[in-house]
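First up is the structure itself, then whatever we jot down about it.
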Amino acid sequence: MKRAIVVGASYGGMEAIRNLLSGFPAGFDLPVIVVLHIGSNNIDAYIARLNEKTGFLVKEADEKEMIMPGTAYFAPPNYHLQIENDFSFSLSTDKKVNFSRPSIDVLFETAAWVFKEGLIGILLTGANNDGAQGLISVKKYDGTTIVENPETAVAPAMPRAATELFKPDYVLNLECITNKVIELCR
């Protein structure tokens, strides 16, 4: 049984994440936890738009907040987002990983440890290799791995890094990912 979805994206990710989240039906109840490479930039307006355009409650994750169904959480600017054993968030200002804070690898690795086979890890468009190692952790703990097709991604470097490192469960065009996740959750 699937229990959570983690998503990582960088360059081109705002549009990709909007497309992904808006494809889920109303009432889809798995939490979606997102790292978007934003550095120290504020994304309040982007989150407000997602609240209008998707069936999720969309918000920045807070320290010690419990993960709730039907919610899409974003890592706050300049903080690593981690999942704790009690299914709460912790935020960290530890050093950058893959030149990024928040780092996709940090989220994916901690989520893989907590959710194990109940996790779906999705790596989208991006211009570096953050997330590839984290997806290996998802796979190691028997989670499901999905990578956006590098051939159709706005920035192919990040999804390509994953496909060169290991064989993801699925490599899909962006418009096919949401339907695959819904199918996996049935």
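Within each chain, counting starts at residue 1; across the structure tokens, chains are named A, B, ... in the order shown, with ligands numbered 1 upward in that order.
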
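Residue neighbourhood of Val154 (chain A), excluding near-sequence residues (fewer than 4 positions): Ala9, Ser10, Tyr11, Gly12, Gly13, Met14, Glu15, Ala16, Leu124, Thr125, Gly126, Ala127, Glu148, Asn149, Pro150, Met158, Pro159, Arg160, Asn173 and Leu174 of chain A, at 12 Å, using only C-alpha atoms.
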
Based on the selection just made, write N, CA, C and O atoms of those residues as a PDB file, in the first residue's frame.
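selection_15.pdb was written with the following content:
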ATOM      1  N   ALA A   9      12.466  18.518  -8.123  1.00  0.00           N
ATOM      2  CA  ALA A   9      12.589  19.223  -9.405  1.00  0.00           C
ATOM      3  C   ALA A   9      13.494  20.429  -9.228  1.00  0.00           C
ATOM      4  O   ALA A   9      13.635  20.964  -8.127  1.00  0.00           O
ATOM      5  N   SER A  10      14.053  20.852 -10.335  1.00  0.00           N
ATOM      6  CA  SER A  10      14.896  22.050 -10.343  1.00  0.00           C
ATOM      7  C   SER A  10      14.458  22.908 -11.530  1.00  0.00           C
ATOM      8  O   SER A  10      13.276  23.204 -11.658  1.00  0.00           O
ATOM      9  N   TYR A  11      15.385  23.252 -12.412  1.00  0.00           N
ATOM     10  CA  TYR A  11      15.076  24.122 -13.540  1.00  0.00           C
ATOM     11  C   TYR A  11      13.892  23.563 -14.337  1.00  0.00           C
ATOM     12  O   TYR A  11      13.888  22.408 -14.735  1.00  0.00           O
ATOM     13  N   GLY A  12      12.866  24.385 -14.549  1.00  0.00           N
ATOM     14  CA  GLY A  12      11.655  23.961 -15.244  1.00  0.00           C
ATOM     15  C   GLY A  12      10.645  23.297 -14.321  1.00  0.00           C
ATOM     16  O   GLY A  12       9.577  22.889 -14.754  1.00  0.00           O
ATOM     17  N   GLY A  13      10.968  23.208 -13.049  1.00  0.00           N
ATOM     18  CA  GLY A  13      10.163  22.454 -12.103  1.00  0.00           C
ATOM     19  C   GLY A  13       8.850  23.089 -11.693  1.00  0.00           C
ATOM     20  O   GLY A  13       7.904  22.379 -11.364  1.00  0.00           O
ATOM     21  N   MET A  14       8.770  24.405 -11.701  1.00  0.00           N
ATOM     22  CA  MET A  14       7.509  25.036 -11.273  1.00  0.00           C
ATOM     23  C   MET A  14       6.354  24.594 -12.159  1.00  0.00           C
ATOM     24  O   MET A  14       5.295  24.204 -11.670  1.00  0.00           O
ATOM     25  N   GLU A  15       6.573  24.630 -13.450  1.00  0.00           N
ATOM     26  CA  GLU A  15       5.533  24.216 -14.395  1.00  0.00           C
ATOM     27  C   GLU A  15       5.294  22.707 -14.315  1.00  0.00           C
ATOM     28  O   GLU A  15       4.152  22.250 -14.330  1.00  0.00           O
ATOM     29  N   ALA A  16       6.369  21.931 -14.200  1.00  0.00           N
ATOM     30  CA  ALA A  16       6.238  20.474 -14.133  1.00  0.00           C
ATOM     31  C   ALA A  16       5.445  20.051 -12.894  1.00  0.00           C
ATOM     32  O   ALA A  16       4.554  19.194 -12.981  1.00  0.00           O
ATOM     33  N   LEU A 124      11.867  14.923 -11.425  1.00  0.00           N
ATOM     34  CA  LEU A 124      11.455  15.669 -12.617  1.00  0.00           C
ATOM     35  C   LEU A 124      12.627  16.451 -13.206  1.00  0.00           C
ATOM     36  O   LEU A 124      13.778  16.247 -12.837  1.00  0.00           O
ATOM     37  N   THR A 125      12.321  17.366 -14.068  1.00  0.00           N
ATOM     38  CA  THR A 125      13.279  18.207 -14.774  1.00  0.00           C
ATOM     39  C   THR A 125      14.265  18.899 -13.836  1.00  0.00           C
ATOM     40  O   THR A 125      13.908  19.263 -12.713  1.00  0.00           O
ATOM     41  N   GLY A 126      15.483  19.086 -14.316  1.00  0.00           N
ATOM     42  CA  GLY A 126      16.471  19.802 -13.520  1.00  0.00           C
ATOM     43  C   GLY A 126      17.826  19.824 -14.188  1.00  0.00           C
ATOM     44  O   GLY A 126      18.127  19.002 -15.049  1.00  0.00           O
ATOM     45  N   ALA A 127      18.653  20.786 -13.756  1.00  0.00           N
ATOM     46  CA  ALA A 127      19.926  21.030 -14.430  1.00  0.00           C
ATOM     47  C   ALA A 127      21.136  20.538 -13.644  1.00  0.00           C
ATOM     48  O   ALA A 127      22.260  20.921 -13.947  1.00  0.00           O
ATOM     49  N   GLU A 148      11.137  11.457 -14.837  1.00  0.00           N
ATOM     50  CA  GLU A 148      10.654  12.093 -16.066  1.00  0.00           C
ATOM     51  C   GLU A 148      11.602  11.753 -17.208  1.00  0.00           C
ATOM     52  O   GLU A 148      12.832  11.761 -17.045  1.00  0.00           O
ATOM     53  N   ASN A 149      11.038  11.476 -18.366  1.00  0.00           N
ATOM     54  CA  ASN A 149      11.834  11.155 -19.546  1.00  0.00           C
ATOM     55  C   ASN A 149      12.798  12.303 -19.841  1.00  0.00           C
ATOM     56  O   ASN A 149      12.355  13.420 -20.122  1.00  0.00           O
ATOM     57  N   PRO A 150      14.122  12.036 -19.787  1.00  0.00           N
ATOM     58  CA  PRO A 150      15.086  13.112 -20.065  1.00  0.00           C
ATOM     59  C   PRO A 150      14.920  13.715 -21.460  1.00  0.00           C
ATOM     60  O   PRO A 150      15.225  14.888 -21.666  1.00  0.00           O
ATOM     61  N   MET A 158      19.050  16.299 -14.692  1.00  0.00           N
ATOM     62  CA  MET A 158      18.687  15.621 -13.453  1.00  0.00           C
ATOM     63  C   MET A 158      18.048  14.253 -13.720  1.00  0.00           C
ATOM     64  O   MET A 158      18.488  13.252 -13.150  1.00  0.00           O
ATOM     65  N   PRO A 159      17.021  14.168 -14.567  1.00  0.00           N
ATOM     66  CA  PRO A 159      16.483  12.832 -14.836  1.00  0.00           C
ATOM     67  C   PRO A 159      17.510  11.912 -15.516  1.00  0.00           C
ATOM     68  O   PRO A 159      17.556  10.719 -15.223  1.00  0.00           O
ATOM     69  N   ARG A 160      18.350  12.467 -16.368  1.00  0.00           N
ATOM     70  CA  ARG A 160      19.370  11.638 -17.029  1.00  0.00           C
ATOM     71  C   ARG A 160      20.364  11.087 -16.017  1.00  0.00           C
ATOM     72  O   ARG A 160      20.786   9.929 -16.110  1.00  0.00           O
ATOM     73  N   ASN A 173       7.065  10.317 -19.832  1.00  0.00           N
ATOM     74  CA  ASN A 173       6.838  11.722 -20.158  1.00  0.00           C
ATOM     75  C   ASN A 173       6.016  12.339 -19.029  1.00  0.00           C
ATOM     76  O   ASN A 173       5.197  11.655 -18.403  1.00  0.00           O
ATOM     77  N   LEU A 174       6.218  13.611 -18.782  1.00  0.00           N
ATOM     78  CA  LEU A 174       5.565  14.296 -17.666  1.00  0.00           C
ATOM     79  C   LEU A 174       4.064  14.056 -17.635  1.00  0.00           C
ATOM     80  O   LEU A 174       3.492  13.760 -16.578  1.00  0.00           O
TER      81      LEU A 174
END

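What separates CA of Phe89 (chain A) from CA of Lys59 (chain A) is a distance of 12.9 Å.
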
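Counting only C-alpha atoms and comparing A:Glu175, A:Glu63, A:Ser22, A:Ala111, the residue that lies closest to Val6 (chain A) is A:Ala111.
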
Subject >> Among the residues A:Glu60, A:Glu52, A:Glu65, A:Glu109, the one that comes closest to Val34 (chain A) [using only C-alpha atoms] >> reply: A:Glu60

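Within region 100-160 of chain A, residues classed as strand (DSSP E or B) by DSSP on backbone coordinates are Ser100, Leu119, Ile120, Gly121, Ile122, Leu123, Thr144, Thr145, Ile146, Val147 and Glu148 of chain A.
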
**OP:** Would you list, as a ChimeraX atom specification, the residues of region 114-176 of chain A that end up in alpha helix (DSSP H) under DSSP run on this structure's backbone?
**Re:** /A:114-115,132-140,157-165,174-176

Original post:
Could you pull the residues within 12 Å of Leu57 (chain A), counting only C-alpha atoms, minus those fewer than 6 positions along the same chain, as an NGL selection string?
Top reply: :A and (21-22 or 26-33 or 47-51 or 67-74)

Take the residues from that selection and put them in a file with N, CA, C and O atoms, as a PDB file, in the first residue's frame.
ATOM      1  N   LEU A  21       0.614  18.001 -10.072  1.00  0.00           N
ATOM      2  CA  LEU A  21      -0.378  18.109  -9.001  1.00  0.00           C
ATOM      3  C   LEU A  21      -1.785  18.350  -9.526  1.00  0.00           C
ATOM      4  O   LEU A  21      -2.756  17.821  -8.981  1.00  0.00           O
ATOM      5  N   SER A  22      -1.910  19.126 -10.593  1.00  0.00           N
ATOM      6  CA  SER A  22      -3.248  19.439 -11.102  1.00  0.00           C
ATOM      7  C   SER A  22      -3.891  18.235 -11.791  1.00  0.00           C
ATOM      8  O   SER A  22      -5.099  18.233 -12.024  1.00  0.00           O
ATOM      9  N   ALA A  26      -9.797  15.208  -7.387  1.00  0.00           N
ATOM     10  CA  ALA A  26     -10.206  15.725  -6.079  1.00  0.00           C
ATOM     11  C   ALA A  26     -10.364  14.538  -5.148  1.00  0.00           C
ATOM     12  O   ALA A  26     -10.849  13.484  -5.544  1.00  0.00           O
ATOM     13  N   GLY A  27      -9.918  14.695  -3.923  1.00  0.00           N
ATOM     14  CA  GLY A  27     -10.033  13.624  -2.947  1.00  0.00           C
ATOM     15  C   GLY A  27      -8.860  12.661  -2.935  1.00  0.00           C
ATOM     16  O   GLY A  27      -8.833  11.738  -2.123  1.00  0.00           O
ATOM     17  N   PHE A  28      -7.868  12.841  -3.818  1.00  0.00           N
ATOM     18  CA  PHE A  28      -6.662  12.003  -3.772  1.00  0.00           C
ATOM     19  C   PHE A  28      -6.001  12.267  -2.429  1.00  0.00           C
ATOM     20  O   PHE A  28      -5.710  13.410  -2.082  1.00  0.00           O
ATOM     21  N   ASP A  29      -5.777  11.211  -1.648  1.00  0.00           N
ATOM     22  CA  ASP A  29      -5.432  11.479  -0.255  1.00  0.00           C
ATOM     23  C   ASP A  29      -3.996  11.196   0.166  1.00  0.00           C
ATOM     24  O   ASP A  29      -3.653  11.376   1.328  1.00  0.00           O
ATOM     25  N   LEU A  30      -3.122  10.770  -0.735  1.00  0.00           N
ATOM     26  CA  LEU A  30      -1.729  10.612  -0.333  1.00  0.00           C
ATOM     27  C   LEU A  30      -1.067  11.979  -0.181  1.00  0.00           C
ATOM     28  O   LEU A  30      -1.324  12.878  -0.991  1.00  0.00           O
ATOM     29  N   PRO A  31      -0.225  12.141   0.826  1.00  0.00           N
ATOM     30  CA  PRO A  31       0.537  13.384   0.900  1.00  0.00           C
ATOM     31  C   PRO A  31       1.607  13.405  -0.191  1.00  0.00           C
ATOM     32  O   PRO A  31       2.156  12.365  -0.551  1.00  0.00           O
ATOM     33  N   VAL A  32       1.862  14.593  -0.717  1.00  0.00           N
ATOM     34  CA  VAL A  32       2.916  14.806  -1.709  1.00  0.00           C
ATOM     35  C   VAL A  32       3.909  15.787  -1.084  1.00  0.00           C
ATOM     36  O   VAL A  32       3.524  16.870  -0.660  1.00  0.00           O
ATOM     37  N   ILE A  33       5.173  15.383  -1.028  1.00  0.00           N
ATOM     38  CA  ILE A  33       6.200  16.181  -0.362  1.00  0.00           C
ATOM     39  C   ILE A  33       7.231  16.564  -1.410  1.00  0.00           C
ATOM     40  O   ILE A  33       7.800  15.699  -2.073  1.00  0.00           O
ATOM     41  N   ILE A  47       2.623  28.925  -4.347  1.00  0.00           N
ATOM     42  CA  ILE A  47       1.826  28.030  -3.494  1.00  0.00           C
ATOM     43  C   ILE A  47       0.356  28.453  -3.502  1.00  0.00           C
ATOM     44  O   ILE A  47      -0.538  27.612  -3.583  1.00  0.00           O
ATOM     45  N   ALA A  48       0.095  29.742  -3.446  1.00  0.00           N
ATOM     46  CA  ALA A  48      -1.288  30.241  -3.488  1.00  0.00           C
ATOM     47  C   ALA A  48      -1.975  29.818  -4.787  1.00  0.00           C
ATOM     48  O   ALA A  48      -3.133  29.387  -4.780  1.00  0.00           O
ATOM     49  N   ARG A  49      -1.261  29.918  -5.912  1.00  0.00           N
ATOM     50  CA  ARG A  49      -1.835  29.493  -7.203  1.00  0.00           C
ATOM     51  C   ARG A  49      -2.121  27.992  -7.213  1.00  0.00           C
ATOM     52  O   ARG A  49      -3.138  27.545  -7.719  1.00  0.00           O
ATOM     53  N   LEU A  50      -1.202  27.200  -6.650  1.00  0.00           N
ATOM     54  CA  LEU A  50      -1.416  25.751  -6.600  1.00  0.00           C
ATOM     55  C   LEU A  50      -2.638  25.403  -5.746  1.00  0.00           C
ATOM     56  O   LEU A  50      -3.348  24.449  -6.044  1.00  0.00           O
ATOM     57  N   ASN A  51      -2.873  26.168  -4.696  1.00  0.00           N
ATOM     58  CA  ASN A  51      -4.057  25.938  -3.870  1.00  0.00           C
ATOM     59  C   ASN A  51      -5.335  26.160  -4.663  1.00  0.00           C
ATOM     60  O   ASN A  51      -6.340  25.499  -4.422  1.00  0.00           O
ATOM     61  N   ILE A  67       2.712  14.823   9.016  1.00  0.00           N
ATOM     62  CA  ILE A  67       2.332  14.680   7.615  1.00  0.00           C
ATOM     63  C   ILE A  67       0.869  14.230   7.534  1.00  0.00           C
ATOM     64  O   ILE A  67       0.494  13.240   8.143  1.00  0.00           O
ATOM     65  N   MET A  68       0.076  14.978   6.791  1.00  0.00           N
ATOM     66  CA  MET A  68      -1.366  14.717   6.691  1.00  0.00           C
ATOM     67  C   MET A  68      -1.740  14.328   5.259  1.00  0.00           C
ATOM     68  O   MET A  68      -1.140  14.817   4.300  1.00  0.00           O
ATOM     69  N   PRO A  69      -2.753  13.475   5.105  1.00  0.00           N
ATOM     70  CA  PRO A  69      -3.200  13.089   3.758  1.00  0.00           C
ATOM     71  C   PRO A  69      -3.791  14.280   3.006  1.00  0.00           C
ATOM     72  O   PRO A  69      -4.245  15.249   3.612  1.00  0.00           O
ATOM     73  N   GLY A  70      -3.758  14.180   1.674  1.00  0.00           N
ATOM     74  CA  GLY A  70      -4.391  15.203   0.834  1.00  0.00           C
ATOM     75  C   GLY A  70      -3.688  16.545   0.852  1.00  0.00           C
ATOM     76  O   GLY A  70      -4.259  17.543   0.422  1.00  0.00           O
ATOM     77  N   THR A  71      -2.460  16.568   1.337  1.00  0.00           N
ATOM     78  CA  THR A  71      -1.704  17.813   1.451  1.00  0.00           C
ATOM     79  C   THR A  71      -0.441  17.718   0.611  1.00  0.00           C
ATOM     80  O   THR A  71       0.205  16.669   0.580  1.00  0.00           O
ATOM     81  N   ALA A  72      -0.102  18.801  -0.075  1.00  0.00           N
ATOM     82  CA  ALA A  72       1.162  18.896  -0.801  1.00  0.00           C
ATOM     83  C   ALA A  72       2.051  19.868  -0.037  1.00  0.00           C
ATOM     84  O   ALA A  72       1.685  21.028   0.166  1.00  0.00           O
ATOM     85  N   TYR A  73       3.178  19.366   0.428  1.00  0.00           N
ATOM     86  CA  TYR A  73       4.116  20.148   1.236  1.00  0.00           C
ATOM     87  C   TYR A  73       5.340  20.516   0.410  1.00  0.00           C
ATOM     88  O   TYR A  73       5.863  19.685  -0.319  1.00  0.00           O
ATOM     89  N   PHE A  74       5.789  21.743   0.558  1.00  0.00           N
ATOM     90  CA  PHE A  74       7.022  22.190  -0.093  1.00  0.00           C
ATOM     91  C   PHE A  74       8.082  22.481   0.958  1.00  0.00           C
ATOM     92  O   PHE A  74       7.768  23.016   2.035  1.00  0.00           O
TER      93      PHE A  74
END

**OP:** May I ask for the distance between CA of Gly39 (chain A) and CA of Asp94 (chain A), given in Å to one decimal place?
**Re:** 13.5 Å
